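**Student:** One file: final-v5.txt (compact mmCIF, C-alpha atoms and all ligand atoms).
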```
# COMPACT_ATOMS: atom_id res chain seq x y z
CA MET B 50 43.07 77.39 90.32
CA LYS B 51 46.09 75.39 89.16
CA LYS B 52 46.50 74.28 85.54
CA VAL B 53 46.38 70.99 83.71
CA LEU B 54 49.52 69.87 81.90
CA LEU B 55 48.93 67.77 78.79
CA ILE B 56 51.90 65.98 77.22
CA ASN B 57 51.54 64.75 73.65
CA GLY B 58 53.87 61.75 73.39
CA SER B 59 53.54 61.54 69.61
CA PRO B 60 56.17 62.99 67.27
CA ASN B 61 53.17 64.07 65.20
CA GLU B 62 52.09 67.41 66.67
CA LYS B 63 48.78 67.52 64.82
CA GLY B 64 47.91 63.83 64.68
CA CYS B 65 45.44 61.53 66.36
CA THR B 66 46.92 61.83 69.86
CA ALA B 67 46.89 65.61 69.54
CA LEU B 68 43.23 65.48 68.52
CA ALA B 69 42.37 63.36 71.57
CA LEU B 70 44.22 65.73 73.91
CA GLU B 71 42.60 68.76 72.27
CA GLU B 72 39.19 67.25 73.03
CA VAL B 73 40.17 66.73 76.71
CA ALA B 74 41.53 70.30 76.88
CA ALA B 75 38.42 71.78 75.26
CA ALA B 76 36.20 70.13 77.89
CA LEU B 77 38.46 71.45 80.66
CA LYS B 78 38.47 74.96 79.21
CA ARG B 79 34.67 74.94 78.97
CA ARG B 80 34.75 74.42 82.74
CA GLY B 81 37.12 77.34 83.26
CA ILE B 82 40.32 75.36 83.68
CA GLU B 83 43.58 76.53 82.14
CA CYS B 84 45.55 73.99 80.11
CA GLU B 85 49.14 73.84 78.93
CA THR B 86 50.19 71.40 76.21
CA ARG B 87 53.73 70.20 75.55
CA ASN B 88 54.74 68.16 72.52
CA ILE B 89 57.46 65.57 72.88
CA GLY B 90 58.67 66.48 69.39
CA LYS B 91 60.71 64.57 66.86
CA LYS B 92 64.14 64.61 68.50
CA PRO B 93 65.44 61.61 70.48
CA VAL B 94 64.53 61.60 74.17
CA ALA B 95 67.06 60.16 76.61
CA GLY B 96 66.04 57.24 78.74
CA CYS B 97 66.89 56.84 82.41
CA ILE B 98 70.49 55.67 82.89
CA ALA B 99 69.90 54.70 86.54
CA CYS B 100 72.75 56.95 87.70
CA GLY B 101 70.84 57.90 90.85
CA SER B 102 71.98 61.53 90.66
CA CYS B 103 68.34 62.69 90.91
CA ARG B 104 68.22 61.16 94.39
CA LYS B 105 70.74 63.81 95.50
CA THR B 106 69.77 66.78 93.33
CA GLY B 107 66.02 66.30 92.72
CA LYS B 108 66.74 66.89 89.03
CA CYS B 109 67.53 64.65 86.09
CA VAL B 110 71.15 64.50 84.95
CA PHE B 111 69.85 65.15 81.41
CA ASP B 112 68.83 68.80 81.51
CA ASP B 113 65.87 68.73 79.14
CA ALA B 114 62.05 68.88 79.20
CA VAL B 115 61.99 66.66 82.31
CA ASN B 116 63.67 69.32 84.43
CA GLU B 117 61.54 72.07 82.88
CA ILE B 118 58.37 70.19 83.79
CA LEU B 119 59.63 69.39 87.29
CA ALA B 120 60.50 73.06 87.85
CA SER B 121 56.88 74.05 87.18
CA ALA B 122 55.20 70.99 88.75
CA ASP B 123 53.64 73.15 91.49
CA GLU B 124 51.60 74.98 88.85
CA TYR B 125 49.71 71.82 87.87
CA ALA B 126 46.81 70.07 89.54
CA ALA B 127 46.61 67.37 86.89
CA LEU B 128 48.80 65.62 84.37
CA VAL B 129 47.36 64.11 81.19
CA VAL B 130 49.67 62.11 78.96
CA GLY B 131 48.73 61.10 75.45
CA SER B 132 50.47 58.53 73.29
CA PRO B 133 50.18 56.78 69.96
CA VAL B 134 50.20 53.01 70.40
CA TYR B 135 53.50 51.55 69.20
CA TYR B 136 53.54 47.74 69.27
CA ALA B 137 50.87 47.68 71.96
CA GLY B 138 52.78 50.09 74.19
CA ALA B 139 53.17 53.83 74.61
CA SER B 140 55.76 55.55 72.39
CA GLY B 141 59.38 54.93 73.39
CA GLN B 142 59.98 58.68 73.62
CA LEU B 143 57.11 59.16 76.06
CA CYS B 144 58.18 56.22 78.25
CA ALA B 145 61.75 57.59 78.28
CA LEU B 146 60.46 60.99 79.41
CA LEU B 147 58.03 59.62 81.98
CA ASP B 148 60.56 57.19 83.50
CA ARG B 149 62.78 60.15 84.32
CA LEU B 150 59.94 62.52 85.21
CA PHE B 151 58.62 60.11 87.82
CA TYR B 152 61.96 58.75 89.03
CA ALA B 153 63.49 62.22 89.44
CA GLY B 154 60.18 63.80 90.44
CA GLY B 155 59.66 61.53 93.39
CA GLY B 156 56.76 62.74 95.48
CA ARG B 157 56.16 65.90 93.47
CA TRP B 158 53.23 64.31 91.65
CA GLU B 159 51.52 63.10 94.80
CA GLY B 160 47.92 64.28 95.07
CA LYS B 161 47.79 65.52 91.50
CA ILE B 162 45.25 63.93 89.20
CA GLY B 163 46.63 61.63 86.51
CA ALA B 164 45.10 60.48 83.24
CA CYS B 165 46.24 59.14 79.91
CA ALA B 166 44.82 58.88 76.41
CA VAL B 167 46.04 56.56 73.68
CA SER B 168 45.56 56.49 69.94
CA CYS B 169 45.87 53.48 67.70
CA ARG B 170 44.98 52.29 64.24
CA ARG B 171 43.56 48.97 65.37
CA GLY B 172 44.89 47.15 68.46
CA GLY B 173 47.02 47.33 71.58
CA ALA B 174 45.30 50.38 73.08
CA THR B 175 44.42 48.84 76.42
CA ALA B 176 47.95 47.48 76.96
CA ALA B 177 49.40 50.96 76.35
CA PHE B 178 46.68 52.51 78.54
CA ASP B 179 47.50 50.12 81.41
CA ARG B 180 51.21 50.80 81.10
CA LEU B 181 50.74 54.58 81.28
CA ASN B 182 48.33 54.43 84.22
CA LYS B 183 50.98 52.57 86.19
CA TYR B 184 53.03 55.78 86.53
CA PHE B 185 50.13 57.44 88.34
CA LEU B 186 48.99 54.51 90.40
CA MET B 187 52.31 54.09 92.18
CA SER B 188 52.74 57.83 92.72
CA ASN B 189 49.73 58.47 94.98
CA MET B 190 47.95 60.14 92.07
CA PRO B 191 44.17 59.72 91.84
CA VAL B 192 43.42 58.58 88.29
CA ALA B 193 40.54 60.28 86.50
CA PRO B 194 37.96 57.96 84.94
CA SER B 195 35.89 58.21 81.80
CA GLN B 196 33.00 56.32 80.24
CA TYR B 197 35.40 53.88 78.54
CA TRP B 198 39.18 53.33 78.48
CA ASN B 199 40.63 56.51 77.03
CA GLN B 200 41.37 55.47 73.46
CA ILE B 201 40.75 56.84 70.03
CA HIS B 202 41.07 54.91 66.78
CA GLY B 203 42.59 56.06 63.52
CA ASN B 204 45.80 56.19 61.58
CA THR B 205 45.37 59.84 60.62
CA ARG B 206 43.78 62.81 62.34
CA GLU B 207 40.94 62.72 59.81
CA GLU B 208 40.21 59.07 60.64
CA ALA B 209 40.40 59.69 64.39
CA ALA B 210 37.98 62.62 63.96
CA GLN B 211 35.39 60.06 62.80
CA ASP B 212 35.66 58.10 66.06
CA ALA B 213 32.70 59.77 67.74
CA GLU B 214 32.82 57.45 70.74
CA GLY B 215 36.55 58.01 71.23
CA LEU B 216 36.04 61.79 71.13
CA GLN B 217 33.15 61.58 73.58
CA THR B 218 35.33 59.48 75.90
CA MET B 219 37.92 62.30 75.83
CA ARG B 220 35.29 64.97 76.60
CA THR B 221 33.98 62.89 79.50
CA LEU B 222 37.55 62.52 80.77
CA GLY B 223 38.01 66.30 80.64
CA ASP B 224 34.71 66.84 82.47
CA ASN B 225 35.74 64.34 85.15
CA ILE B 226 39.18 65.90 85.63
CA ALA B 227 37.49 69.30 86.12
CA TRP B 228 35.04 67.76 88.60
CA MET B 229 37.88 66.11 90.54
CA MET B 230 39.98 69.30 90.57
CA LYS B 231 37.08 71.34 91.93
CA SER B 232 36.21 68.63 94.46
CA PHE B 233 39.80 68.46 95.73
CA GLU B 234 39.95 72.25 96.03
CA ALA B 235 36.71 72.28 98.01
CA ALA B 236 38.03 69.49 100.21
CA GLU B 237 41.23 71.42 100.86
CA ARG B 238 39.25 74.53 101.80
CA ALA B 239 37.30 72.35 104.24
CA GLY B 240 40.57 71.19 105.83
CA VAL B 241 40.84 67.76 104.20
CA ARG B 242 44.49 67.05 103.44
CA ILE B 243 46.46 64.34 101.66
CA PRO B 244 47.08 61.61 104.27
CA GLU B 245 50.30 61.87 106.23
CA ARG B 246 52.66 59.20 104.97
CA GLU B 247 54.54 56.64 106.97
CA GLU B 248 58.27 56.47 106.46
CA ARG B 249 58.67 54.59 103.18
CA VAL B 250 59.42 50.87 103.47
CA ARG B 251 61.36 49.35 100.58
CA THR B 252 61.55 45.58 100.57
CA ASN B 253 63.66 44.62 97.60
CA PHE B 254 63.52 40.93 98.39
CA ILE B 255 61.97 38.69 100.96
CA ARG B 256 64.29 36.74 103.25
C1 LIG B 301 56.26 52.26 65.21
C2 LIG B 301 54.77 52.19 65.15
C3 LIG B 301 54.10 51.16 65.78
C4 LIG B 301 52.71 51.10 65.76
N1 LIG B 301 52.08 50.09 66.43
C5 LIG B 301 50.73 50.03 66.42
C6 LIG B 301 50.04 49.01 67.15
O1 LIG B 301 50.62 48.19 67.86
N2 LIG B 301 48.69 49.00 67.06
C7 LIG B 301 47.99 49.89 66.30
O2 LIG B 301 46.78 49.79 66.25
N3 LIG B 301 48.59 50.90 65.65
C8 LIG B 301 49.96 51.00 65.70
N4 LIG B 301 50.59 52.03 65.05
C9 LIG B 301 49.77 53.10 64.44
C10 LIG B 301 49.59 54.30 65.40
O3 LIG B 301 49.37 53.88 66.72
C11 LIG B 301 48.40 55.15 64.99
O4 LIG B 301 48.53 55.55 63.68
C12 LIG B 301 48.23 56.35 65.91
O5 LIG B 301 46.90 56.77 65.88
C13 LIG B 301 49.14 57.52 65.50
O6 LIG B 301 48.95 58.59 66.40
P1 LIG B 301 49.57 60.04 66.10
O7 LIG B 301 48.86 60.54 64.85
O8 LIG B 301 49.24 60.86 67.27
O9 LIG B 301 51.03 59.86 65.90
C14 LIG B 301 51.98 52.10 65.07
C15 LIG B 301 52.65 53.15 64.42
C16 LIG B 301 54.03 53.19 64.45
C17 LIG B 301 54.74 54.35 63.78
```
Can you present the structure in this file as structure tokens?
**Tutor:**
Amino acid sequence: MKKVLLINGSPNEKGCTALALEEVAAALKRRGIECETRNIGKKPVAGCIACGSCRKTGKCVFDDAVNEILASADEYAALVVGSPVYYAGASGQLCALLDRLFYAGGGRWEGKIGACAVSCRRGGATAAFDRLNKYFLMSNMPVAPSQYWNQIHGNTREEAAQDAEGLQTMRTLGDNIAWMMKSFEAAERAGVRIPEREERVRTNFIR
């Protein structure tokens, strides 16, 4: 079975976002699914410069984590991105990485399960959650559900650890990702395939 890639979009490797992703990963592992976690780290992450070179090469012109992830995309059946909430959005670093991962990655995420988890002290979680889900929803990625929107509350790991409902939401998300992965595998064995796509229509403006 393929793995789940979890990306922690917080510069804090052991913070609240990490705790949320660990809870998702623990639920997946309990169901026999291998997980790989990457931290975005503390160094600046380049944003997309709209050079279009990925259209020709299939890689990003900035040779960093984006190209590493794209090179191993076939190993993953699901992508889970976690982010602290910064001004009611996902972290700038994570958006910079995901813009390039999805723009350069094109159809490579199609059919893989997508999910996100956000962590905040007090507010803005659903706005960040919506923003992150938009990467998946325009990439033909089925989005895994949970019992609530995937958010945990706290300013420190210790505070987030007290958010019992947030942690349960993460475990339910992990359980649902495992269920979807196994269902998709069974469907594939039964001959059910991703739908054939029409040639892509791009209407940049309406005459
Ligand atoms: C630049 C910045 C902006 C933030 N904006 C918000 C916000 O809009 N709403 C909120 O509730 N918390 C906000 N916070 C707090 C973090 O979202 C919160 O502490 C989060 O749980 C940290 O996750 P981490 O430990 O994984 O880094 C902000 C923190 C920083 C550093």
**Student:** Pick from B:Ala176, B:Ala114, B:Ile82, B:Met219: nearest to Met50 of chain B, with all atoms listed in the file counted?
**Tutor:**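 Distance minimum relative to Met50 of chain B lands on B:Ile82.
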**Student:** When you draw a straight line from atom O5 of ligand LIG 301 (chain B) to atom CA of Met230 of chain B, how long is it in Å?
**Tutor:**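 Answer for the atom O5 of ligand LIG 301 (chain B) to atom CA of Met230 of chain B separation: 28.5 Å.
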**Student:** Just want the residues within 12 Å of ligand LIG 301 (chain B), written as number ranges by chain, counting only C-alpha atoms and all ligand atoms.
**Tutor:** B: 56-71, 88-91, 130-143, 166-177, 200-210, 212, 215
**Student:** May I have the protein, DNA and RNA residues with an atom at most 8 Å from (42.0, 68.8, 76.8), counting only C-alpha atoms in the file's coordinates, returned as a PDB file with C-alpha atoms, keeping the file's coordinate frame?
**Tutor:**
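Full text of out.pdb as output:
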```
ATOM      1  CA  LEU B  55      48.930  67.770  78.790  1.00  0.00           C
ATOM      2  CA  ALA B  69      42.370  63.360  71.570  1.00  0.00           C
ATOM      3  CA  LEU B  70      44.220  65.730  73.910  1.00  0.00           C
ATOM      4  CA  GLU B  71      42.600  68.760  72.270  1.00  0.00           C
ATOM      5  CA  GLU B  72      39.190  67.250  73.030  1.00  0.00           C
ATOM      6  CA  VAL B  73      40.170  66.730  76.710  1.00  0.00           C
ATOM      7  CA  ALA B  74      41.530  70.300  76.880  1.00  0.00           C
ATOM      8  CA  ALA B  75      38.420  71.780  75.260  1.00  0.00           C
ATOM      9  CA  ALA B  76      36.200  70.130  77.890  1.00  0.00           C
ATOM     10  CA  LEU B  77      38.460  71.450  80.660  1.00  0.00           C
ATOM     11  CA  LYS B  78      38.470  74.960  79.210  1.00  0.00           C
ATOM     12  CA  CYS B  84      45.550  73.990  80.110  1.00  0.00           C
ATOM     13  CA  MET B 219      37.920  62.300  75.830  1.00  0.00           C
ATOM     14  CA  ARG B 220      35.290  64.970  76.600  1.00  0.00           C
ATOM     15  CA  GLY B 223      38.010  66.300  80.640  1.00  0.00           C
TER      16      GLY B 223
END
```
**Student:** What does the structure give for the distance between atom CA of Ser188 of chain B and atom CA of Gly154 of chain B, in Å to one decimal?
**Tutor:** 9.8 Å
**Student:** Expressed in Å to a single decimal, how great is the separation between atom CA of Tyr197 of chain B and atom CA of Cys165 of chain B?
**Tutor:**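 So the answer is 12.1 Å.
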**Student:** For Gly107 of chain B, which residue among B:Ala127, B:Ile162, B:Ala227, B:Leu150 is the nearest when counting all atoms listed in the file?
**Tutor:**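 Ranking B:Ala127, B:Ile162, B:Ala227, B:Leu150 by distance to Gly107 of chain B, first place goes to B:Leu150.
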**Student:** Could you list, as a PyMOL selection string, every residue within 10 Å of Glu117 of chain B, counting only C-alpha atoms and ignoring same-chain residues fewer than 4 positions away?
**Tutor:** chain B and resi 108+112-113+121-122+150
**Student:** Hey, which of B:Lys52, B:Arg238, B:Arg251, B:Lys105 ends up closest to Leu128 of chain B? Count only C-alpha atoms.
**Tutor:**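 The shortest atom-to-atom distance to Leu128 of chain B comes from B:Lys52.
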**Student:** Just checking: using all atoms listed in the file, which residue out of B:Ala236, B:Ile118, B:Leu216, B:Leu222 ends up closest to Arg149 of chain B?
**Tutor:**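 Closest to Arg149 of chain B of all the choices is B:Ile118.
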**Student:** For segment 95-107 of chain B in the structure I just supplied, write out all heavy atoms - as a PDB file, in the first residue's frame.
**Tutor:**
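Contents of result_2.pdb, freshly written:
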```
ATOM      1  N   ALA B  95      10.630  29.936  -1.246  1.00  0.00           N
ATOM      2  CA  ALA B  95      10.342  30.781  -2.419  1.00  0.00           C
ATOM      3  C   ALA B  95       8.893  30.625  -2.853  1.00  0.00           C
ATOM      4  O   ALA B  95       8.328  29.526  -2.784  1.00  0.00           O
ATOM      5  CB  ALA B  95      11.263  30.377  -3.571  1.00  0.00           C
ATOM      6  N   GLY B  96       8.322  31.728  -3.288  1.00  0.00           N
ATOM      7  CA  GLY B  96       6.988  31.680  -3.874  1.00  0.00           C
ATOM      8  C   GLY B  96       7.091  31.467  -5.375  1.00  0.00           C
ATOM      9  O   GLY B  96       8.182  31.540  -5.960  1.00  0.00           O
ATOM     10  N   CYS B  97       5.954  31.197  -5.991  1.00  0.00           N
ATOM     11  CA  CYS B  97       5.930  31.006  -7.447  1.00  0.00           C
ATOM     12  C   CYS B  97       6.228  32.342  -8.129  1.00  0.00           C
ATOM     13  O   CYS B  97       5.651  33.376  -7.756  1.00  0.00           O
ATOM     14  CB  CYS B  97       4.550  30.495  -7.862  1.00  0.00           C
ATOM     15  SG  CYS B  97       4.409  30.234  -9.640  1.00  0.00           S
ATOM     16  N   ILE B  98       7.120  32.324  -9.113  1.00  0.00           N
ATOM     17  CA  ILE B  98       7.439  33.559  -9.849  1.00  0.00           C
ATOM     18  C   ILE B  98       6.768  33.557 -11.221  1.00  0.00           C
ATOM     19  O   ILE B  98       7.091  34.389 -12.074  1.00  0.00           O
ATOM     20  CB  ILE B  98       8.967  33.780  -9.970  1.00  0.00           C
ATOM     21  CG1 ILE B  98       9.649  32.581 -10.654  1.00  0.00           C
ATOM     22  CG2 ILE B  98       9.588  34.044  -8.596  1.00  0.00           C
ATOM     23  CD1 ILE B  98      11.105  32.849 -11.050  1.00  0.00           C
ATOM     24  N   ALA B  99       5.857  32.639 -11.448  1.00  0.00           N
ATOM     25  CA  ALA B  99       5.059  32.599 -12.681  1.00  0.00           C
ATOM     26  C   ALA B  99       5.935  32.608 -13.936  1.00  0.00           C
ATOM     27  O   ALA B  99       5.585  33.221 -14.940  1.00  0.00           O
ATOM     28  CB  ALA B  99       4.062  33.767 -12.712  1.00  0.00           C
ATOM     29  N   CYS B 100       7.070  31.891 -13.865  1.00  0.00           N
ATOM     30  CA  CYS B 100       7.975  31.875 -15.025  1.00  0.00           C
ATOM     31  C   CYS B 100       7.499  30.880 -16.080  1.00  0.00           C
ATOM     32  O   CYS B 100       7.910  30.950 -17.236  1.00  0.00           O
ATOM     33  CB  CYS B 100       9.401  31.535 -14.583  1.00  0.00           C
ATOM     34  SG  CYS B 100       9.574  29.869 -13.905  1.00  0.00           S
ATOM     35  N   GLY B 101       6.663  29.930 -15.651  1.00  0.00           N
ATOM     36  CA  GLY B 101       6.117  28.951 -16.599  1.00  0.00           C
ATOM     37  C   GLY B 101       7.099  27.857 -16.978  1.00  0.00           C
ATOM     38  O   GLY B 101       6.775  26.986 -17.796  1.00  0.00           O
ATOM     39  N   SER B 102       8.293  27.846 -16.386  1.00  0.00           N
ATOM     40  CA  SER B 102       9.270  26.823 -16.794  1.00  0.00           C
ATOM     41  C   SER B 102       8.793  25.418 -16.422  1.00  0.00           C
ATOM     42  O   SER B 102       9.120  24.442 -17.097  1.00  0.00           O
ATOM     43  CB  SER B 102      10.655  27.143 -16.241  1.00  0.00           C
ATOM     44  OG  SER B 102      10.907  26.426 -15.089  1.00  0.00           O
ATOM     45  N   CYS B 103       7.973  25.296 -15.369  1.00  0.00           N
ATOM     46  CA  CYS B 103       7.461  23.973 -14.983  1.00  0.00           C
ATOM     47  C   CYS B 103       6.560  23.382 -16.064  1.00  0.00           C
ATOM     48  O   CYS B 103       6.413  22.155 -16.147  1.00  0.00           O
ATOM     49  CB  CYS B 103       6.733  24.054 -13.644  1.00  0.00           C
ATOM     50  SG  CYS B 103       5.344  25.200 -13.613  1.00  0.00           S
ATOM     51  N   ARG B 104       5.960  24.232 -16.872  1.00  0.00           N
ATOM     52  CA  ARG B 104       5.101  23.746 -17.958  1.00  0.00           C
ATOM     53  C   ARG B 104       5.911  22.922 -18.961  1.00  0.00           C
ATOM     54  O   ARG B 104       5.407  22.007 -19.590  1.00  0.00           O
ATOM     55  CB  ARG B 104       4.435  24.923 -18.689  1.00  0.00           C
ATOM     56  CG  ARG B 104       3.399  25.640 -17.846  1.00  0.00           C
ATOM     57  CD  ARG B 104       2.094  24.834 -17.839  1.00  0.00           C
ATOM     58  NE  ARG B 104       1.139  25.293 -16.852  1.00  0.00           N
ATOM     59  CZ  ARG B 104       1.028  24.791 -15.613  1.00  0.00           C
ATOM     60  NH1 ARG B 104       1.810  23.839 -15.193  1.00  0.00           N
ATOM     61  NH2 ARG B 104       0.115  25.252 -14.782  1.00  0.00           N
ATOM     62  N   LYS B 105       7.200  23.291 -19.103  1.00  0.00           N
ATOM     63  CA  LYS B 105       8.064  22.570 -20.055  1.00  0.00           C
ATOM     64  C   LYS B 105       8.807  21.420 -19.389  1.00  0.00           C
ATOM     65  O   LYS B 105       9.008  20.370 -19.987  1.00  0.00           O
ATOM     66  CB  LYS B 105       9.097  23.549 -20.651  1.00  0.00           C
ATOM     67  CG  LYS B 105       8.460  24.615 -21.532  1.00  0.00           C
ATOM     68  CD  LYS B 105       9.488  25.681 -21.951  1.00  0.00           C
ATOM     69  CE  LYS B 105       8.781  27.011 -22.168  1.00  0.00           C
ATOM     70  NZ  LYS B 105       9.411  28.142 -21.520  1.00  0.00           N
ATOM     71  N   THR B 106       9.228  21.621 -18.130  1.00  0.00           N
ATOM     72  CA  THR B 106      10.114  20.632 -17.508  1.00  0.00           C
ATOM     73  C   THR B 106       9.395  19.704 -16.529  1.00  0.00           C
ATOM     74  O   THR B 106       9.935  18.661 -16.163  1.00  0.00           O
ATOM     75  CB  THR B 106      11.221  21.351 -16.705  1.00  0.00           C
ATOM     76  OG1 THR B 106      10.583  22.081 -15.644  1.00  0.00           O
ATOM     77  CG2 THR B 106      12.011  22.326 -17.578  1.00  0.00           C
ATOM     78  N   GLY B 107       8.217  20.104 -16.053  1.00  0.00           N
ATOM     79  CA  GLY B 107       7.513  19.317 -15.028  1.00  0.00           C
ATOM     80  C   GLY B 107       8.130  19.473 -13.653  1.00  0.00           C
ATOM     81  O   GLY B 107       7.767  18.770 -12.710  1.00  0.00           O
TER      82      GLY B 107
END
```
